[in-house]
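One file, coords_0.cif, is given below (mmCIF, C-alpha atoms and all ligand atoms).
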data_data
#
loop_
_atom_site.label_atom_id
_atom_site.label_comp_id
_atom_site.auth_asym_id
_atom_site.auth_seq_id
_atom_site.Cartn_x
_atom_site.Cartn_y
_atom_site.Cartn_z
CA MET A 1482 58.02 78.75 -84.73
CA ASN A 1483 55.53 79.47 -81.97
CA ILE A 1484 55.99 82.52 -79.77
CA LEU A 1485 53.66 82.67 -76.79
CA MET A 1486 52.81 85.77 -74.78
CA VAL A 1487 52.21 85.09 -71.09
CA GLY A 1488 50.87 87.70 -68.68
CA HIS A 1489 47.95 88.66 -66.51
CA SER A 1490 44.97 90.58 -67.83
CA ARG A 1491 45.81 94.24 -68.59
CA SER A 1492 49.55 93.62 -68.36
CA GLY A 1493 49.90 95.02 -71.91
CA LYS A 1494 50.17 91.97 -74.19
CA THR A 1495 47.83 93.09 -76.96
CA SER A 1496 49.10 96.69 -76.80
CA PHE A 1497 52.63 95.32 -77.24
CA MET A 1498 51.54 93.35 -80.31
CA ALA A 1499 49.81 96.45 -81.74
CA GLY A 1500 53.06 98.38 -81.15
CA MET A 1501 55.04 95.63 -82.85
CA TYR A 1502 52.79 95.82 -85.88
CA LYS A 1503 52.93 99.61 -85.89
CA TYR A 1504 56.72 99.52 -85.94
CA LEU A 1505 57.28 96.56 -88.25
CA GLY A 1506 54.04 95.88 -90.15
CA ASP A 1507 54.77 95.61 -93.90
CA ASP A 1508 58.04 97.54 -93.53
CA LYS A 1509 60.13 96.84 -96.62
CA SER A 1510 62.98 99.22 -95.80
CA GLY A 1511 64.60 96.90 -93.22
CA TYR A 1512 63.13 94.26 -90.91
CA GLY A 1513 59.36 93.90 -91.18
CA ILE A 1514 56.52 91.56 -90.36
CA ARG A 1515 53.81 90.48 -92.76
CA ALA A 1516 50.46 89.23 -91.49
CA LYS A 1517 49.55 86.23 -93.63
CA ASN A 1518 45.84 86.24 -92.92
CA ALA A 1519 43.81 89.06 -94.50
CA THR A 1520 41.34 89.39 -91.59
CA GLN A 1521 44.14 89.44 -89.02
CA LYS A 1522 46.01 91.98 -91.13
CA ARG A 1523 43.02 94.35 -91.15
CA HIS A 1524 42.64 93.92 -87.38
CA LEU A 1525 46.34 94.64 -86.76
CA GLN A 1526 46.32 97.64 -89.08
CA ARG A 1527 43.32 99.06 -87.21
CA MET A 1528 44.98 98.52 -83.81
CA ALA A 1529 48.24 100.11 -85.02
CA GLU A 1530 46.40 103.09 -86.47
CA GLN A 1531 44.42 103.64 -83.28
CA LEU A 1532 47.64 103.52 -81.29
CA SER A 1533 48.77 106.59 -83.27
CA TYR A 1534 45.81 108.45 -81.74
CA GLY A 1535 46.71 107.16 -78.27
CA LYS A 1536 43.87 104.62 -78.27
CA TYR A 1537 44.79 101.19 -76.86
CA PRO A 1538 43.28 97.89 -78.02
CA THR A 1539 40.32 96.53 -76.09
CA GLY A 1540 40.82 93.60 -73.69
CA THR A 1541 41.18 90.21 -75.34
CA ASP A 1542 38.05 88.04 -75.06
CA VAL A 1543 38.92 85.52 -77.71
CA GLN A 1544 42.45 84.21 -77.90
CA GLN A 1545 44.09 84.45 -81.29
CA MET A 1546 47.08 82.96 -83.01
CA TYR A 1547 48.49 85.48 -85.47
CA ASN A 1548 50.41 84.08 -88.43
CA PHE A 1549 53.34 86.25 -89.44
CA GLU A 1550 56.38 86.13 -91.66
CA LEU A 1551 59.52 88.00 -90.63
CA THR A 1552 60.81 89.84 -93.66
CA CYS A 1553 64.04 91.66 -94.45
CA LEU A 1554 63.99 94.27 -97.24
CA GLY A 1555 60.60 92.86 -98.19
CA GLU A 1556 61.87 89.28 -98.59
CA ASP A 1557 60.45 86.41 -96.53
CA ILE A 1558 62.87 85.12 -93.88
CA ILE A 1559 61.03 82.95 -91.37
CA PRO A 1560 57.38 82.29 -90.51
CA PHE A 1561 56.26 82.57 -86.90
CA ASN A 1562 53.04 82.34 -84.93
CA TRP A 1563 52.42 84.91 -82.23
CA MET A 1564 49.87 83.84 -79.66
CA ASP A 1565 47.72 86.34 -77.81
CA TYR A 1566 45.85 84.79 -74.89
CA ARG A 1567 43.32 86.51 -72.69
CA GLY A 1568 45.27 87.10 -69.49
CA GLY A 1569 42.14 86.35 -67.45
CA ILE A 1570 42.75 82.61 -67.81
CA LEU A 1571 45.74 82.83 -65.46
CA LEU A 1572 43.35 83.56 -62.59
CA SER A 1573 40.64 81.16 -63.78
CA ASP A 1574 39.72 78.51 -61.21
CA ASP A 1575 37.42 76.62 -63.58
CA PRO A 1576 39.05 73.22 -64.24
CA ASP A 1577 36.86 72.80 -67.36
CA ASP A 1578 37.99 76.10 -68.87
CA GLU A 1579 38.70 75.15 -72.50
CA ASP A 1580 40.98 78.16 -73.00
CA MET A 1581 43.01 77.14 -69.96
CA ASN A 1582 43.62 73.69 -71.43
CA LYS A 1583 44.65 75.22 -74.75
CA PHE A 1584 46.95 77.62 -72.93
CA LEU A 1585 48.66 74.79 -71.01
CA LYS A 1586 49.14 72.92 -74.27
CA ALA A 1587 50.54 76.05 -75.96
CA ILE A 1588 53.01 76.57 -73.14
CA LYS A 1589 54.38 73.06 -73.70
CA THR A 1590 54.77 73.54 -77.46
CA ALA A 1591 56.08 77.12 -77.51
CA ASP A 1592 59.53 77.75 -79.02
CA ALA A 1593 59.86 81.05 -77.16
CA LEU A 1594 58.02 82.90 -74.37
CA VAL A 1595 57.41 86.59 -73.92
CA VAL A 1596 56.45 87.20 -70.29
CA PHE A 1597 54.68 90.46 -69.45
CA LEU A 1598 55.18 92.20 -66.10
CA ASP A 1599 53.08 95.28 -65.42
CA GLY A 1600 55.62 98.00 -64.49
CA GLU A 1601 53.16 99.81 -62.23
CA LYS A 1602 52.55 96.69 -60.16
CA LEU A 1603 56.22 95.76 -60.21
CA SER A 1604 57.20 99.10 -58.68
CA ASP A 1605 54.64 98.71 -55.87
CA ASN A 1606 56.36 97.66 -52.65
CA SER A 1607 53.21 96.50 -50.82
CA GLY A 1608 53.53 92.80 -51.69
CA ARG A 1609 49.94 92.84 -53.02
CA TRP A 1610 50.87 91.17 -56.29
CA THR A 1611 52.79 88.19 -54.93
CA MET A 1612 50.08 85.71 -55.91
CA GLU A 1613 50.04 87.02 -59.49
CA TYR A 1614 53.82 86.64 -59.71
CA ASP A 1615 53.65 83.10 -58.34
CA ILE A 1616 51.09 82.14 -61.00
CA LEU A 1617 53.40 83.51 -63.68
CA LEU A 1618 56.35 81.68 -62.18
CA SER A 1619 54.45 78.40 -62.23
CA CYS A 1620 53.54 78.96 -65.91
CA ILE A 1621 57.20 79.54 -66.75
CA GLU A 1622 58.27 76.48 -64.75
CA ASN A 1623 55.71 74.44 -66.69
CA SER A 1624 57.43 75.50 -69.84
CA LEU A 1625 60.92 74.82 -68.47
CA ASP A 1626 59.93 71.25 -67.55
CA VAL A 1627 59.57 70.48 -71.26
CA ASP A 1628 62.60 68.82 -72.80
CA HIS A 1629 63.23 71.51 -75.43
CA GLN A 1630 65.13 70.33 -78.48
CA SER A 1631 67.18 73.49 -78.49
CA TRP A 1632 68.13 76.48 -76.40
CA PHE A 1633 64.90 78.12 -75.16
CA PRO A 1634 64.52 81.93 -75.08
CA ILE A 1635 62.32 83.76 -72.56
CA CYS A 1636 61.88 87.50 -72.91
CA PHE A 1637 60.65 89.38 -69.83
CA VAL A 1638 58.96 92.65 -70.73
CA ILE A 1639 58.28 95.31 -68.09
CA THR A 1640 55.35 97.24 -69.54
CA LYS A 1641 53.93 100.77 -69.09
CA CYS A 1642 57.36 102.30 -68.31
CA ASP A 1643 56.21 105.61 -69.81
CA MET A 1644 53.92 105.95 -66.78
CA LEU A 1645 56.79 105.61 -64.31
CA PRO A 1646 59.61 107.94 -63.23
CA ASP A 1647 63.05 107.01 -64.66
CA GLY A 1648 65.11 104.69 -62.48
CA ILE A 1649 62.20 103.64 -60.25
CA PRO A 1650 63.03 100.35 -58.44
CA PHE A 1651 61.04 97.30 -59.49
CA HIS A 1652 60.54 95.62 -56.09
CA GLY A 1653 58.38 92.87 -57.61
CA LEU A 1654 61.41 91.55 -59.52
CA ASN A 1655 62.75 90.15 -56.19
CA ARG A 1656 60.18 87.39 -56.56
CA PHE A 1657 61.81 86.39 -59.86
CA HIS A 1658 65.44 86.38 -58.70
CA THR A 1659 65.58 82.64 -57.98
CA LEU A 1660 64.25 81.96 -61.49
CA PHE A 1661 66.72 84.41 -63.04
CA ASN A 1662 69.60 82.71 -61.21
CA GLN A 1663 68.35 79.29 -62.35
CA ILE A 1664 68.25 80.55 -65.94
CA SER A 1665 71.74 82.08 -65.64
CA ASP A 1666 73.09 78.69 -64.52
CA SER A 1667 71.27 76.81 -67.27
CA LYS A 1668 72.73 76.09 -70.68
CA LYS A 1669 69.32 75.15 -72.08
CA VAL A 1670 67.42 78.37 -71.35
CA GLY A 1671 68.21 82.04 -71.77
CA ALA A 1672 66.39 85.16 -70.68
CA MET A 1673 66.34 88.80 -71.60
CA LEU A 1674 64.77 91.62 -69.60
CA VAL A 1675 63.59 94.77 -71.31
CA GLN A 1676 61.61 97.83 -70.24
CA CYS A 1677 58.89 98.86 -72.60
CA SER A 1678 56.62 101.79 -73.39
CA ILE A 1679 53.84 101.56 -75.90
CA ASN A 1680 52.00 104.76 -76.76
CA SER A 1681 51.40 107.03 -79.74
CA GLN A 1682 55.15 107.86 -79.97
CA ASP A 1683 56.99 104.84 -78.54
CA TYR A 1684 56.64 101.42 -80.09
CA PHE A 1685 60.17 100.34 -80.94
CA THR A 1686 60.80 97.91 -78.04
CA PRO A 1687 58.70 95.01 -79.39
CA PHE A 1688 61.34 94.68 -82.10
CA LEU A 1689 63.96 93.88 -79.42
CA ALA A 1690 61.78 91.10 -77.99
CA LEU A 1691 60.99 89.69 -81.42
CA ALA A 1692 64.67 89.77 -82.40
CA TYR A 1693 65.56 87.77 -79.27
CA CYS A 1694 62.82 85.16 -79.88
CA ILE A 1695 63.67 84.74 -83.57
CA TYR A 1696 67.41 84.54 -82.81
CA GLY A 1697 66.75 81.90 -80.14
CA GLY A 1698 64.28 79.87 -82.20
CA THR A 1699 66.28 79.83 -85.43
CA PRO A 1700 68.58 76.79 -84.81
CA ILE A 1701 65.69 74.39 -84.18
CA TYR A 1702 63.77 75.79 -87.17
CA ILE A 1703 66.81 75.30 -89.42
CA GLN A 1704 67.24 71.76 -88.10
CA LYS A 1705 63.59 70.91 -88.85
CA ARG A 1706 63.87 72.31 -92.38
CA LEU A 1707 67.13 70.39 -92.98
CA ASP A 1708 65.42 67.17 -91.87
CA SER A 1709 62.59 67.67 -94.33
CA MET A 1710 65.08 68.59 -97.08
CA MET A 1711 66.91 65.30 -96.46
CA SER A 1712 63.74 63.30 -96.85
CA ALA A 1713 62.81 65.29 -100.00
CA ALA A 1714 66.30 64.56 -101.41
CA ASN A 1715 65.81 60.86 -100.71
CA ARG A 1716 62.49 60.92 -102.48
CA ALA A 1717 64.12 62.65 -105.50
CA LYS A 1718 66.81 59.97 -105.60
CA GLN A 1719 64.13 57.33 -105.96
CA HIS A 1720 62.88 59.08 -109.12
CA ARG A 1721 66.34 59.34 -110.74
CA PRO A 1722 67.20 56.43 -113.11
CA GLU A 1723 70.50 54.73 -112.29
CA THR A 1724 71.02 52.21 -115.12
CA LEU A 1725 71.45 52.73 -118.89
CA ILE A 1726 68.05 51.16 -119.53
CA GLY A 1727 66.58 53.42 -116.87
CA TRP A 1728 68.03 56.53 -118.57
CA LEU A 1729 66.75 55.33 -121.99
CA ALA A 1730 63.28 54.78 -120.54
CA ALA A 1731 63.41 58.19 -118.87
CA GLY A 1732 64.52 59.79 -122.17
CA THR A 1733 61.60 58.15 -124.00
CA GLU A 1734 59.29 59.35 -121.27
CA GLN A 1735 60.69 62.91 -121.67
CA LEU A 1736 60.00 62.78 -125.43
CA LEU A 1737 56.46 61.54 -124.85
CA SER A 1738 55.96 64.21 -122.25
CA GLY A 1739 57.17 66.85 -124.75
CA ALA A 1740 54.44 65.66 -127.08
CA ALA A 1741 51.99 65.65 -124.21
CA ASN A 1742 52.90 69.28 -123.38
CA ILE A 1743 51.96 70.31 -126.90
CA ILE A 1744 48.45 69.12 -126.18
CA ASP A 1745 48.83 70.52 -122.63
CA CYS A 1746 47.92 67.57 -120.46
CA GLY A 1747 50.51 68.42 -117.71
CA TRP A 1748 52.35 65.12 -117.54
CA GLN A 1749 55.24 65.21 -115.00
CA THR A 1750 57.99 62.70 -115.77
CA GLU A 1751 60.21 60.95 -113.23
CA LEU A 1752 63.14 63.18 -114.36
CA ASP A 1753 60.98 66.30 -113.89
CA LYS A 1754 60.19 65.15 -110.37
CA ALA A 1755 63.86 64.54 -109.58
CA GLU A 1756 64.90 67.89 -111.10
CA SER A 1757 62.21 69.87 -109.34
CA ALA A 1758 63.16 68.27 -106.01
CA ASN A 1759 66.81 69.20 -106.68
CA TRP A 1760 65.84 72.74 -107.54
CA ASP A 1761 63.68 73.04 -104.42
CA TYR A 1762 66.62 71.68 -102.42
CA GLU A 1763 68.93 74.42 -103.73
CA LYS A 1764 66.31 77.11 -103.24
CA GLU A 1765 65.65 75.90 -99.72
CA GLN A 1766 69.37 75.77 -98.94
CA LYS A 1767 69.80 79.39 -100.08
CA GLN A 1768 66.82 80.42 -97.93
CA LEU A 1769 68.31 78.71 -94.86
CA GLU A 1770 71.70 80.35 -95.48
CA LYS A 1771 69.91 83.70 -95.61
CA LEU A 1772 68.13 82.90 -92.34
CA GLN A 1773 71.43 81.91 -90.71
CA ALA A 1774 72.95 85.25 -91.78
CA ILE A 1775 69.93 87.10 -90.35
CA ALA A 1776 70.25 85.20 -87.04
CA GLU A 1777 73.91 86.28 -86.86
CA GLU A 1778 72.93 89.87 -87.59
CA LEU A 1779 70.27 89.74 -84.86
CA GLU A 1780 72.85 88.35 -82.43
CA GLU A 1781 75.09 91.36 -83.16
CA LYS A 1782 72.16 93.72 -82.61
CA LEU A 1783 71.32 92.02 -79.31
CA LYS A 1784 74.94 92.40 -78.14
CA GLN A 1785 74.86 96.08 -79.07
CA TRP A 1786 71.54 96.63 -77.24
CA SER A 1787 73.05 94.96 -74.18
CA ASN A 1788 76.16 97.20 -74.38
CA ASP A 1789 73.83 100.20 -74.63
CA ASP A 1790 71.95 98.98 -71.51
CA MET A 1791 68.71 98.65 -73.45
CA VAL A 1792 68.37 95.00 -72.49
CA THR A 1793 69.73 92.72 -69.75
CA PHE A 1794 70.60 89.06 -70.30
CA PHE A 1795 70.43 86.23 -67.75
N1 LIG A 1801 50.82 104.18 -70.77
C1 LIG A 1801 50.82 102.92 -71.17
N2 LIG A 1801 49.72 102.17 -71.01
C2 LIG A 1801 49.75 100.88 -71.44
C3 LIG A 1801 50.90 100.31 -72.03
N3 LIG A 1801 50.62 99.03 -72.33
C4 LIG A 1801 49.35 98.82 -71.94
N4 LIG A 1801 48.82 99.94 -71.39
C5 LIG A 1801 47.50 100.11 -70.78
O1 LIG A 1801 47.11 98.86 -70.25
C6 LIG A 1801 45.83 98.49 -70.77
C7 LIG A 1801 45.74 97.00 -70.93
O2 LIG A 1801 46.60 96.59 -71.97
P1 LIG A 1801 46.29 95.32 -72.89
O3 LIG A 1801 47.30 95.37 -73.95
O4 LIG A 1801 44.87 95.28 -73.29
O5 LIG A 1801 46.56 94.17 -71.85
P2 LIG A 1801 46.45 92.59 -72.12
O6 LIG A 1801 47.60 91.98 -71.41
O7 LIG A 1801 46.30 92.29 -73.56
O8 LIG A 1801 45.12 92.22 -71.33
P3 LIG A 1801 44.09 91.00 -71.64
O9 LIG A 1801 43.67 91.13 -73.04
O10 LIG A 1801 42.98 91.21 -70.67
O11 LIG A 1801 44.84 89.74 -71.36
C8 LIG A 1801 45.70 99.30 -72.06
O12 LIG A 1801 44.36 99.51 -72.38
C9 LIG A 1801 46.43 100.55 -71.76
O13 LIG A 1801 45.57 101.45 -71.08
C10 LIG A 1801 52.08 101.13 -72.15
O14 LIG A 1801 53.16 100.71 -72.59
N5 LIG A 1801 51.97 102.41 -71.72
MG MG A 1802 44.86 91.36 -74.69
#

Go ahead and express the file in the form of structure tokens.
Amino acid sequence: MNILMVGHSRSGKTSFMAGMYKYLGDDKSGYGIRAKNATQKRHLQRMAEQLSYGKYPTGTDVQQMYNFELTCLGEDIIPFNWMDYRGGILLSDDPDDEDMNKFLKAIKTADALVVFLDGEKLSDNSGRWTMEYDILLSCIENSLDVDHQSWFPICFVITKCDMLPDGIPFHGLNRFHTLFNQISDSKKVGAMLVQCSINSQDYFTPFLALAYCIYGGTPIYIQKRLDSMMSAANRAKQHRPETLIGWLAAGTEQLLSGAANIIDCGWQTELDKAESANWDYEKEQKQLEKLQAIAEELEEKLKQWSNDDMVTFF
């Protein structure tokens, strides 16, 4: 599944991702995330380590798609791509900007959005940031226009809350109220709002956002995997003999293959193919059941976080 971060430059996207990796990277004691690409892993580890010394990542010049696997007790649960764009493209007025085109494409194919709102700007009552909010709103509307195959989650993250006094009003949110109401009335989209602080001590909140995105994106992922399992099962059926002569031929082939194995020439018989497809089917089914159980557990966690006023749903 594709999770896309949307937000203006310096709104805190990359810092959030560094915090997410610091909290969850390679954690085998509960939920964790595993970076699948060695270069990206080194980069994330460096960012997470620097965060411990209070050093934030540098601004993003080159957009990156990070390939992760969500894990639970060290076991793979679901792969996801986390896209980090340079926020500068939102204010780009160059129609030939390649990154802009890629961004627009990504917004149409995302399975979940994480929208970043700079808490400092949001608490400013001067109305200076209205244009920035309107650009964000139009990005989100672009994504809502897509006919999503399943319920679509959008997580709004108010960043830099450690720099603000507790309970400060976020005047800028007024600009988003119409959208929030639209989302509340919709059965196809859901939203969650969360306040976030990323610094050398606080980096837990990204887990809440990730949990919401994974929970929301799971049904469509399961459906896609079931579809490919069905076609694999059909392929296996074609390899399975159905008549007596077919079974006899398959048996002879097995015997020949046994002989072939002795001289190690790796011959795979039709029965082997059918059996391995069956085995994969069962393995896959178990994996999907595990994912379903995880999605239910995440749903419970989300309810609890909402009861504890850590998140707000629309
Ligand atoms: N105190 C505090 N500062 C933050 C937090 N998040 C981000 N910052 C500050 O905001 C700056 C910009 O954050 P980035 O994560 O680079 O922002 P970005 O959205 O990735 O920006 P681009 O890469 O330009 O799109 C950081 O260098 C930090 O100084 C936070 O939670 N708390
Ligand atoms: Mg960045």

message: Counting all atoms listed in the file, what are the residues, protein, DNA or RNA alike, that approach ligand LIG 1801 (chain A) to within 10 Å? I want them as an NGL selection string.
response: :A and (1486-1500 or 1535-1544 or 1565-1571 or 1597-1601 or 1639-1645 or 1676-1681 or 1683-1684 or 1686)

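Using only C-alpha atoms for every distance, the candidate list A:Thr1611, A:Leu1617, A:Ser1631, A:Ala1672 yields A:Thr1611 as the residue closest to A:Gly1653.
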
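Atom pair atom CA of A:Asn1606 / atom CA of A:Pro1650 has a distance of 9.2 Å (rounded to one decimal).
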
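With only C-alpha atoms taken into account, every residue lying no more than 10 Å from the file point (55.8, 87.3, -59.7) is included here: Leu1598, Lys1602, Leu1603, Gly1608, Trp1610, Thr1611, Met1612, Glu1613, Tyr1614, Asp1615, Ile1616, Leu1617, Leu1618, Ser1619, Gly1653, Leu1654, Asn1655, Arg1656, Phe1657 and His1658 of chain A.
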
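Here atom CA of A:Ser1624 is placed at a distance of 27.2 Å from atom CA of A:Glu1781.
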
message: List the spatial neighbours of A:Asp1592 as an MDAnalysis selection string - criterion: any atom at most 8 Å away, only C-alpha atoms, same-chain residues fewer than 6 positions off excluded.
response: chainID A and resid 1482:1485 1633:1634 1698

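Our summary of the geometry notes that atom CA of A:Met1546 is positioned 18.4 Å from atom CA of A:Gly1513.
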
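Here the question is which of A:Leu1660, A:Ala1516, A:Val1675, A:Met1564 gets nearest to ligand MG 1802 (chain A) using all atoms listed in the file, and that residue is A:Met1564.
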
Nearest residue to A:Lys1771 from the set A:Asp1557, A:Gly1506, A:Trp1786, A:Met1501 (distances using only C-alpha atoms): A:Asp1557
